[in-house]
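Undergrad: What follows is the file upload08.txt, containing compact mmCIF, C-alpha atoms and all ligand atoms:
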# COMPACT_ATOMS: atom_id res chain seq x y z
CA MET A 1 48.48 -109.71 28.20
CA THR A 2 51.96 -110.14 29.62
CA VAL A 3 53.24 -111.74 32.77
CA GLU A 4 55.44 -109.63 34.99
CA ASN A 5 58.57 -111.38 36.06
CA SER A 6 59.42 -110.38 39.60
CA ILE A 7 61.34 -113.54 40.35
CA ASP A 8 64.89 -114.57 39.54
CA THR A 9 64.53 -116.52 36.32
CA ALA A 10 67.89 -118.17 36.82
CA GLU A 11 66.42 -120.33 39.56
CA VAL A 12 65.69 -123.83 38.38
CA LEU A 13 62.47 -125.35 39.51
CA ASP A 14 62.53 -129.07 40.17
CA LEU A 15 59.04 -130.16 39.17
CA ASP A 16 59.73 -133.82 39.96
CA GLN A 17 60.68 -132.93 43.50
CA CYS A 18 57.50 -130.83 43.81
CA LEU A 19 55.40 -133.71 42.48
CA GLU A 20 56.91 -136.16 44.95
CA LYS A 21 56.10 -133.85 47.84
CA LEU A 22 52.59 -133.14 46.63
CA TYR A 23 51.70 -136.77 45.92
CA ASN A 24 52.69 -137.39 49.55
CA GLY A 25 50.29 -134.70 50.74
CA GLN A 26 53.04 -132.23 51.70
CA LEU A 27 52.77 -128.48 51.08
CA LEU A 28 55.20 -126.52 48.92
CA SER A 29 56.87 -123.42 50.32
CA GLU A 30 55.43 -119.99 49.58
CA ARG A 31 58.48 -119.15 47.50
CA VAL A 32 58.11 -122.27 45.37
CA LEU A 33 54.38 -121.61 44.91
CA GLU A 34 55.18 -118.10 43.71
CA TRP A 35 57.58 -119.48 41.15
CA ILE A 36 55.15 -122.20 40.01
CA ALA A 37 52.34 -119.68 39.61
CA PHE A 38 54.61 -117.46 37.55
CA LYS A 39 55.56 -120.33 35.24
CA ALA A 40 51.93 -121.46 34.96
CA LYS A 41 50.79 -117.96 33.98
CA GLU A 42 53.56 -117.80 31.40
CA LEU A 43 52.22 -121.08 29.97
CA MET A 44 48.48 -120.36 30.15
CA VAL A 45 48.61 -116.77 28.87
CA ASN A 46 49.11 -118.26 25.41
CA ASP A 47 45.98 -120.43 25.57
CA GLY A 48 42.84 -119.21 23.85
CA ASN A 49 39.64 -119.11 25.89
CA ILE A 50 38.67 -122.39 24.21
CA VAL A 51 41.12 -125.29 24.16
CA HIS A 52 40.79 -127.93 21.42
CA LEU A 53 41.51 -131.51 22.49
CA GLN A 54 41.41 -134.98 20.96
CA SER A 55 40.27 -138.21 22.57
CA PRO A 56 41.22 -140.29 24.44
CA VAL A 57 40.61 -137.95 27.34
CA THR A 58 39.22 -138.31 30.85
CA MET A 59 37.00 -135.54 32.23
CA VAL A 60 36.92 -134.70 35.92
CA GLY A 61 34.20 -132.63 37.59
CA ASP A 62 34.22 -130.71 40.89
CA ILE A 63 36.91 -131.75 43.40
CA HIS A 64 36.51 -128.99 46.02
CA GLY A 65 39.66 -129.61 48.03
CA GLN A 66 39.02 -133.34 48.51
CA PHE A 67 42.69 -134.11 47.87
CA TYR A 68 42.64 -137.80 48.81
CA ASP A 69 39.76 -138.32 46.41
CA LEU A 70 41.85 -136.67 43.67
CA LEU A 71 44.58 -139.23 44.38
CA GLU A 72 41.87 -141.90 44.12
CA ILE A 73 40.93 -140.50 40.68
CA PHE A 74 44.51 -141.01 39.48
CA LYS A 75 44.49 -144.51 40.96
CA ILE A 76 41.36 -145.54 39.05
CA GLY A 77 41.79 -143.35 35.94
CA GLY A 78 45.56 -143.61 35.50
CA TYR A 79 48.37 -141.27 36.47
CA PRO A 80 49.46 -138.38 34.24
CA PRO A 81 50.94 -138.42 31.67
CA ASN A 82 49.56 -141.90 30.83
CA THR A 83 46.02 -140.53 30.89
CA ASN A 84 44.98 -137.17 29.38
CA TYR A 85 42.89 -135.20 31.82
CA LEU A 86 40.39 -132.41 31.28
CA PHE A 87 39.40 -130.89 34.63
CA LEU A 88 36.14 -128.97 34.60
CA GLY A 89 36.83 -126.58 37.49
CA ASP A 90 35.99 -126.04 41.18
CA TYR A 91 39.30 -127.28 42.56
CA VAL A 92 39.09 -125.26 45.78
CA ASP A 93 36.71 -124.46 48.69
CA ARG A 94 34.60 -126.77 50.88
CA GLY A 95 37.12 -129.60 51.46
CA TYR A 96 40.11 -129.51 53.84
CA HIS A 97 42.83 -129.65 51.16
CA SER A 98 42.24 -126.99 48.54
CA ILE A 99 45.90 -125.94 48.59
CA GLU A 100 47.22 -129.48 48.12
CA THR A 101 44.68 -130.04 45.34
CA ILE A 102 45.36 -126.91 43.30
CA SER A 103 49.14 -127.13 43.89
CA LEU A 104 49.24 -130.67 42.53
CA LEU A 105 47.09 -129.80 39.50
CA ILE A 106 49.20 -126.76 38.62
CA VAL A 107 52.49 -128.66 38.93
CA LEU A 108 51.06 -131.46 36.77
CA LYS A 109 50.03 -128.82 34.20
CA LEU A 110 53.60 -127.47 34.15
CA LYS A 111 55.14 -130.91 33.91
CA TYR A 112 52.73 -132.25 31.25
CA PRO A 113 51.22 -129.18 29.53
CA THR A 114 49.54 -131.07 26.69
CA ARG A 115 48.21 -133.85 28.95
CA ILE A 116 46.45 -131.69 31.54
CA THR A 117 43.79 -129.06 30.83
CA LEU A 118 42.33 -126.95 33.61
CA ILE A 119 39.03 -125.11 33.01
CA ARG A 120 38.00 -122.35 35.41
CA GLY A 121 35.07 -122.99 37.74
CA ASN A 122 32.97 -120.43 39.58
CA HIS A 123 34.99 -121.13 42.77
CA GLU A 124 38.25 -120.07 41.08
CA SER A 125 37.42 -116.54 42.15
CA ARG A 126 38.59 -114.03 44.76
CA GLN A 127 35.09 -113.31 45.94
CA ILE A 128 33.90 -116.91 46.29
CA THR A 129 37.11 -118.26 47.90
CA THR A 130 36.92 -115.52 50.51
CA ASN A 131 33.68 -117.03 51.78
CA TYR A 132 33.86 -120.79 51.15
CA GLY A 133 37.06 -122.04 52.72
CA PHE A 134 40.10 -121.47 50.48
CA TYR A 135 41.06 -118.11 51.98
CA THR A 136 40.76 -119.51 55.52
CA GLU A 137 42.81 -122.55 54.55
CA CYS A 138 45.59 -120.34 53.10
CA VAL A 139 45.74 -118.26 56.28
CA THR A 140 45.63 -121.38 58.49
CA LYS A 141 48.37 -123.24 56.61
CA TYR A 142 50.66 -120.36 55.54
CA GLY A 143 49.99 -117.66 58.13
CA ASN A 144 48.17 -114.36 58.22
CA ASP A 145 50.86 -112.40 56.41
CA SER A 146 51.29 -114.89 53.57
CA LYS A 147 50.62 -114.10 49.94
CA VAL A 148 49.50 -117.61 49.06
CA TRP A 149 45.81 -116.80 48.55
CA SER A 150 46.73 -113.88 46.24
CA ILE A 151 49.23 -116.03 44.35
CA PHE A 152 46.54 -118.59 43.55
CA THR A 153 43.63 -116.24 42.93
CA ASP A 154 45.80 -114.16 40.54
CA LEU A 155 46.64 -117.40 38.75
CA PHE A 156 42.95 -118.35 38.46
CA ASP A 157 42.49 -115.39 36.07
CA PHE A 158 44.59 -117.30 33.52
CA LEU A 159 42.59 -120.55 33.48
CA VAL A 160 40.74 -121.26 30.23
CA LEU A 161 36.95 -120.97 29.96
CA SER A 162 36.05 -124.07 27.96
CA ALA A 163 37.29 -126.96 25.85
CA ILE A 164 36.10 -128.74 22.71
CA VAL A 165 36.91 -132.45 22.38
CA ASP A 166 37.05 -134.05 18.91
CA ASN A 167 35.28 -130.96 17.48
CA THR A 168 31.96 -132.33 18.80
CA LEU A 169 31.94 -132.19 22.61
CA PHE A 170 31.63 -128.78 24.28
CA CYS A 171 33.02 -128.75 27.83
CA VAL A 172 32.55 -126.01 30.40
CA HIS A 173 32.13 -125.74 34.19
CA GLY A 174 28.52 -124.51 34.35
CA GLY A 175 26.64 -124.17 31.09
CA LEU A 176 25.18 -121.94 28.42
CA SER A 177 24.56 -118.20 28.29
CA PRO A 178 22.03 -116.07 26.42
CA ASN A 179 25.09 -114.06 25.36
CA VAL A 180 26.84 -117.06 23.80
CA GLN A 181 25.21 -118.29 20.60
CA THR A 182 28.43 -119.33 18.88
CA ILE A 183 31.82 -120.28 20.21
CA ASP A 184 33.22 -117.15 18.56
CA SER A 185 31.51 -115.14 21.28
CA ILE A 186 33.57 -117.11 23.84
CA SER A 187 36.82 -116.50 21.96
CA VAL A 188 36.42 -112.74 22.18
CA ILE A 189 35.94 -112.59 25.97
CA ASP A 190 38.78 -110.92 27.91
CA ARG A 191 39.13 -113.67 30.50
CA PHE A 192 42.17 -112.35 32.39
CA LYS A 193 40.18 -110.92 35.28
CA GLU A 194 38.06 -111.78 38.31
CA ILE A 195 34.85 -113.59 37.33
CA PRO A 196 32.24 -110.86 36.73
CA HIS A 197 28.82 -110.95 38.40
CA ASP A 198 27.03 -111.30 35.08
CA GLY A 199 27.65 -111.56 31.34
CA PRO A 200 28.90 -114.47 29.23
CA MET A 201 32.00 -115.27 31.32
CA ALA A 202 29.94 -115.55 34.51
CA ASP A 203 27.20 -117.58 32.81
CA LEU A 204 29.62 -120.19 31.44
CA MET A 205 30.72 -120.88 35.02
CA TRP A 206 27.40 -120.52 36.83
CA SER A 207 24.57 -121.85 34.63
CA ASP A 208 22.68 -125.16 35.05
CA PRO A 209 20.46 -127.27 32.77
CA ASP A 210 16.81 -127.64 33.79
CA ILE A 211 14.67 -130.35 32.16
CA GLU A 212 11.49 -128.38 32.91
CA LEU A 213 12.62 -125.49 30.73
CA LEU A 214 12.63 -124.67 27.02
CA ASN A 215 14.59 -121.42 27.17
CA PHE A 216 16.58 -119.40 29.70
CA ARG A 217 15.55 -118.42 33.19
CA ILE A 218 17.50 -116.39 35.78
CA SER A 219 19.21 -118.85 38.14
CA SER A 220 18.26 -119.15 41.79
CA ARG A 221 22.00 -119.31 42.54
CA GLY A 222 22.17 -115.54 42.13
CA ALA A 223 24.38 -115.75 39.02
CA GLY A 224 24.07 -117.42 35.63
CA TYR A 225 20.95 -118.98 34.09
CA GLN A 226 19.00 -122.19 34.03
CA PHE A 227 18.67 -123.35 30.44
CA GLY A 228 16.26 -125.67 28.63
CA ILE A 229 16.15 -127.98 25.63
CA ASN A 230 15.49 -125.38 22.93
CA VAL A 231 18.56 -123.46 24.00
CA VAL A 232 20.62 -126.66 23.98
CA ASN A 233 19.39 -127.78 20.55
CA LYS A 234 20.11 -124.38 19.04
CA PHE A 235 23.61 -124.16 20.54
CA LEU A 236 24.53 -127.70 19.43
CA HIS A 237 23.13 -127.13 15.91
CA ILE A 238 24.74 -123.73 15.26
CA ASN A 239 28.17 -124.91 16.41
CA GLY A 240 28.05 -128.43 14.98
CA PHE A 241 28.42 -130.09 18.39
CA GLU A 242 26.87 -133.34 19.63
CA LYS A 243 27.02 -132.98 23.39
CA ILE A 244 27.73 -130.65 26.28
CA TYR A 245 29.73 -131.88 29.26
CA ARG A 246 29.77 -129.82 32.45
CA ALA A 247 30.19 -130.17 36.21
CA HIS A 248 28.97 -127.71 38.91
CA GLN A 249 26.09 -129.75 40.40
CA LEU A 250 26.20 -132.49 43.01
CA CYS A 251 24.91 -135.80 41.57
CA ASN A 252 24.02 -138.65 43.90
CA ASP A 253 25.15 -141.24 41.33
CA GLY A 254 28.30 -139.33 40.37
CA TYR A 255 26.91 -138.17 37.05
CA GLN A 256 23.63 -137.05 35.47
CA ILE A 257 22.39 -137.32 31.90
CA PHE A 258 19.95 -134.74 30.52
CA TRP A 259 17.95 -134.94 27.28
CA LYS A 260 19.32 -138.35 26.21
CA GLY A 261 22.90 -137.23 26.66
CA LYS A 262 22.79 -133.86 24.95
CA VAL A 263 23.88 -132.39 28.29
CA ASN A 264 25.78 -134.36 30.94
CA THR A 265 27.03 -133.54 34.43
CA VAL A 266 30.27 -135.06 35.74
CA TRP A 267 30.68 -134.82 39.53
CA SER A 268 33.99 -135.96 41.03
CA ALA A 269 33.74 -135.22 44.77
CA PRO A 270 32.51 -138.44 46.45
CA ASN A 271 30.78 -138.07 49.82
CA TYR A 272 30.81 -134.30 49.16
CA CYS A 273 31.95 -132.25 52.14
CA TYR A 274 32.57 -135.60 53.89
CA ARG A 275 28.88 -135.97 54.60
CA CYS A 276 26.64 -136.16 51.50
CA GLY A 277 27.08 -139.91 50.93
CA ASN A 278 27.06 -139.43 47.12
CA LYS A 279 29.06 -141.33 44.55
CA ALA A 280 31.44 -139.59 42.14
CA SER A 281 32.61 -140.26 38.60
CA ILE A 282 35.13 -139.45 35.95
CA LEU A 283 34.13 -139.59 32.30
CA GLU A 284 36.46 -141.62 30.12
CA ILE A 285 36.24 -140.92 26.39
CA TYR A 286 38.08 -143.59 24.41
CA ASP A 287 37.59 -142.48 20.80
CA ASP A 288 35.70 -140.02 18.60
CA SER A 289 33.16 -142.49 17.18
CA GLY A 290 30.38 -141.35 19.51
CA ASN A 291 29.28 -145.00 19.86
CA PRO A 292 27.79 -146.09 23.19
CA ASP A 293 31.00 -147.97 24.00
CA SER A 294 33.25 -145.04 23.11
CA PHE A 295 32.85 -143.48 26.57
CA ARG A 296 32.13 -144.54 30.14
CA PHE A 297 31.30 -142.84 33.41
CA ASN A 298 33.74 -144.52 35.79
CA VAL A 299 31.92 -144.32 39.13
CA PHE A 300 33.79 -144.41 42.44
CA ASP A 301 33.30 -143.93 46.18
CA ALA A 302 35.22 -141.81 48.66
CA SER A 303 38.81 -142.85 49.28
CA PRO A 304 39.35 -144.51 52.69
CA ASP A 305 42.08 -141.89 53.22
CA SER A 306 39.52 -139.13 52.71
CA GLU A 307 37.29 -140.63 55.41
CA LYS A 308 40.30 -141.08 57.72
CA GLU A 309 41.38 -137.49 57.18
CA PHE A 310 37.87 -136.25 57.93
CA LEU A 311 37.74 -138.23 61.17
CA ARG A 312 41.22 -137.04 62.15
CA ILE A 313 40.29 -133.39 61.64
CA GLU A 314 36.91 -133.80 63.30
CA THR A 315 38.50 -135.50 66.30
CA ALA A 316 41.04 -132.69 66.58
CA ASN A 317 38.22 -130.19 66.43
CA MET A 318 36.27 -132.05 69.12
CA ALA A 319 38.94 -130.79 71.52
CA GLY A 320 37.72 -127.29 70.71
CA ALA A 321 34.29 -125.81 71.23
CA ILE A 322 31.28 -127.25 69.45
CA ASP A 323 28.07 -125.34 69.57
CA GLY A 324 25.59 -128.07 69.07
CA MET A 325 23.58 -129.38 66.18
CA ASP A 326 23.48 -127.79 62.81
CA SER A 327 21.40 -128.60 59.81
CA LEU A 328 22.09 -128.22 56.12
CA ASP A 329 19.81 -128.59 53.19
CA ILE A 330 21.57 -130.14 50.22
CA ASN A 331 19.61 -130.71 47.00
CA GLY A 332 16.49 -131.19 49.08
CA LEU A 333 18.10 -133.66 51.46
CA ASN A 334 18.02 -132.36 54.98
CA ILE A 335 21.17 -133.53 56.68
CA GLU A 336 21.52 -133.22 60.43
CA THR A 337 24.98 -133.13 61.84
CA ASN A 338 26.58 -132.47 65.17
CA ALA A 339 30.08 -132.79 63.79
CA ASN A 340 30.08 -129.44 62.10
CA THR A 341 33.45 -127.97 62.92
CA GLY A 342 36.57 -126.53 61.39
CA PHE A 343 36.29 -124.98 57.94
CA GLU A 344 32.86 -126.49 57.53
CA HIS A 345 31.64 -124.79 60.66
CA ARG A 346 32.72 -121.36 59.51
CA MET A 347 31.39 -121.96 56.01
CA SER A 348 27.97 -123.19 57.01
CA LYS A 349 27.48 -120.10 59.17
CA LYS A 350 28.18 -117.90 56.18
CA ALA A 351 26.54 -120.01 53.50
CA PRO A 352 22.79 -119.79 53.02
CA TYR A 353 21.04 -122.87 51.62
CA VAL A 354 21.09 -121.96 47.94
CA GLU A 355 24.82 -121.32 48.00
CA TYR A 356 25.61 -124.60 49.68
CA PHE A 357 25.74 -126.44 46.39
CA MET A 358 27.35 -123.67 44.34
MN MN B 1 30.60 -124.84 40.55
Will you turn the file into structure tokens for me?
TA:
Amino acid sequence: MTVENSIDTAEVLDLDQCLEKLYNGQLLSERVLEWIAFKAKELMVNDGNIVHLQSPVTMVGDIHGQFYDLLEIFKIGGYPPNTNYLFLGDYVDRGYHSIETISLLIVLKLKYPTRITLIRGNHESRQITTNYGFYTECVTKYGNDSKVWSIFTDLFDFLVLSAIVDNTLFCVHGGLSPNVQTIDSISVIDRFKEIPHDGPMADLMWSDPDIELLNFRISSRGAGYQFGINVVNKFLHINGFEKIYRAHQLCNDGYQIFWKGKVNTVWSAPNYCYRCGNKASILEIYDDSGNPDSFRFNVFDASPDSEKEFLRIETANMAGAIDGMDSLDINGLNIETNANTGFEHRMSKKAPYVEYFM
């Protein structure tokens, strides 16, 4: 795998200047994004599908374009490079600020390559982003003729598939696959492509644990599997791991523990889609002892700025047409809303119930 260099390499990129802009919520120019994506590919092409990390490390689950909540994460968890971060994927779609979110994460990766790890989620995909907000946001913010969506979705092909912390914690966006018994079967995947509809690469990003199950069952999401305790025990035993950490599912409390901690979900988008009222968390791992006090789910609520931004956008949209009440079913909670506008409005029309919590 090589990266084609279509840009003048003599140009010097000022990452500090980019960071200052991005931390202030400003967008980078298309030309700068192109250059950043090129440098990020050049960096990530050398990563294996599985990245090995050592504690201390802080894991972050789904963010989904909730940029002000990402800033909140840095406020409570520490700013890079003082804290090592392992992001578990789903940076884009749903929220209003997917571009700001992914731009900041990529620039941080370039600035502090060993301090930031970015795993690919099922939303880091051409097909999914076309339907769930990121494509629309790119066109809205950069114009119809811009290449920004292609720049990012081409870059997504380079993100790693999983990470192993302290040789004992397996970290992935979704979960296990019937085609992945050992981590060697992850290493041999050709990941530099769009996420396939099925097979091990898709399963790692789409699967979910299910406490009712012993083995695998086809997922109701339409991709990946639901997996049970026998599958988990076997995977942990064969590979010498203690726990699996993953994201991918909304948790009301910000995290969820399955099978006494053998599988854990980290969810980092508080008040998901500005309406679910859920808490979020980041998982802080302090050392490799595995003791109960060696890690902590640091739970947090939505940033006041996130709420403000939602109200600002909603108010702006109120000036436009609203066609009445809409209703969404999220994890069994039926949420009525009459403030269903903007990106959300377009998404909810396209998104059937099962896909709403993809
Ligand atoms: Mn997901």
Undergrad: Taking all atoms listed in the file into account, which residues have an atom no farther than 8 Å from ligand MN 1 (chain B)? I'd like them as a ChimeraX atom specification.
TA: /A:62,89-90,121-123,173-174,205-206,247-249,357-358
Undergrad: To one decimal in Å, tell me the separation between atom CA of Phe235 of chain A and atom CA of Thr265 of chain A.
TA: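 The value is 17.1 Å.
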Undergrad: Tell me which of A:Phe152, A:Tyr274, A:Phe158, A:Phe38 sits closest to Ala302 of chain A, counting only C-alpha atoms.
TA: A:Tyr274
Undergrad: Of the candidates A:Gly65, A:Ile244, A:Arg275, A:Ser207, which one gets nearest to Lys260 of chain A if we count all atoms listed in the file?
TA: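 The closest residue to Lys260 of chain A is A:Ile244.
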Undergrad: Which of these residues is nearest to Phe87 of chain A, using only C-alpha atoms: A:Thr140, A:Asn271, A:Ser162, A:Asn239?
TA: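 Looking at the shortest contact to Phe87 of chain A, the residue is A:Ser162.
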Undergrad: Rank A:Ile285, A:Ala280, A:Val107, A:Cys138 by their smallest atom-to-atom distance to Lys21 of chain A, using all atoms listed in the file, and report the top residue only.
TA: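 Distance minimum relative to Lys21 of chain A lands on A:Val107.
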Undergrad: Residues at most 8 Å from segment 42-54 of chain A, counting all atoms listed in the file, excluding those fewer than 2 positions away in the same chain, as an mmCIF file with C-alpha atoms, in the frame of the given file?
TA:
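In the end it all went to selection_2.cif:
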data_model
loop_
_atom_site.group_PDB
_atom_site.id
_atom_site.type_symbol
_atom_site.label_atom_id
_atom_site.label_comp_id
_atom_site.auth_asym_id
_atom_site.auth_seq_id
_atom_site.Cartn_x
_atom_site.Cartn_y
_atom_site.Cartn_z
ATOM 1 C CA MET A 1 48.480 -109.710 28.200
ATOM 2 C CA THR A 2 51.960 -110.140 29.620
ATOM 3 C CA VAL A 3 53.240 -111.740 32.770
ATOM 4 C CA PHE A 38 54.610 -117.460 37.550
ATOM 5 C CA LYS A 39 55.560 -120.330 35.240
ATOM 6 C CA ALA A 40 51.930 -121.460 34.960
ATOM 7 C CA PRO A 56 41.220 -140.290 24.440
ATOM 8 C CA VAL A 57 40.610 -137.950 27.340
ATOM 9 C CA LEU A 110 53.600 -127.470 34.150
ATOM 10 C CA PHE A 158 44.590 -117.300 33.520
ATOM 11 C CA LEU A 159 42.590 -120.550 33.480
ATOM 12 C CA VAL A 160 40.740 -121.260 30.230
ATOM 13 C CA LEU A 161 36.950 -120.970 29.960
ATOM 14 C CA SER A 162 36.050 -124.070 27.960
ATOM 15 C CA ALA A 163 37.290 -126.960 25.850
ATOM 16 C CA ILE A 164 36.100 -128.740 22.710
ATOM 17 C CA VAL A 165 36.910 -132.450 22.380
ATOM 18 C CA ASP A 166 37.050 -134.050 18.910
ATOM 19 C CA ASN A 167 35.280 -130.960 17.480
ATOM 20 C CA ILE A 186 33.570 -117.110 23.840
ATOM 21 C CA SER A 187 36.820 -116.500 21.960
ATOM 22 C CA ILE A 189 35.940 -112.590 25.970
ATOM 23 C CA ARG A 191 39.130 -113.670 30.500
ATOM 24 C CA ASP A 288 35.700 -140.020 18.600
#
Undergrad: Extract, using all atoms listed in the file, all DNA, RNA and protein residues at most 9 Å from segment 305-311 of chain A, discarding same-chain residues fewer than 3 positions from it, and format them as a list of chain:residue names.
TA: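 The filter keeps A:Gln66, A:Phe67, A:Tyr68, A:Asp69, A:Tyr96, A:Asn271, A:Tyr274, A:Ala302, A:Glu314, A:Thr315, A:Ala316.
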Undergrad: List as a PyMOL selection string the protein and nucleic acid residues near Cys18 of chain A, meaning an atom at most 12 Å away when all atoms listed in the file are counted, but skip any in the same chain fewer than 3 places from it.
TA: chain A and resi 13-15+21-29+32-33+35-36+100+103-108+110-111
Undergrad: To one decimal in Å, tell me the separation between atom CA of Glu124 of chain A and atom CA of Tyr272 of chain A.
TA: 18.0 Å
Undergrad: Which one is closest to Cys276 of chain A: A:Val188, A:Leu250, A:Leu118, A:Leu71? Count only C-alpha atoms.
TA: A:Leu250
Undergrad: Quick one, how far is atom CA of Asp253 of chain A from atom CA of Tyr91 of chain A?
TA: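 Computing the Euclidean distance for atom CA of Asp253 of chain A and atom CA of Tyr91 of chain A yields 19.9 Å.
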Undergrad: Find the residues near segment 72-74 of chain A: any atom within 9 Å, counting only C-alpha atoms, skip ones fewer than 2 places away on the same chain, and give them as a list in words.
TA: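 Counting only the stated atoms, we get Val60, Phe67, Tyr68, Asp69, Leu70, Ile76, Gly77, Gly78, Tyr79, Pro80, Thr83, Ser268, Ser281, Ile282, Phe300, Ala302 and Ser303 of chain A.
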Undergrad: If the box runs along x, y and z of the file and leaves 3 Å on each side of segment 287-291 of chain A, what are its centre and edge lengths in Å, one decimal, as AutoDock Vina command-line options?
TA:
--center_x 33.4 --center_y -142.5 --center_z 19.0 --size_x 14.3 --size_y 11.0 --size_z 9.6
Undergrad: I'd like to know which of A:Tyr286, A:Tyr245, A:Tyr255, A:Tyr85 is closest to Thr117 of chain A, using only C-alpha atoms.
TA: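 Among the listed residues, A:Tyr85 lies closest to Thr117 of chain A.
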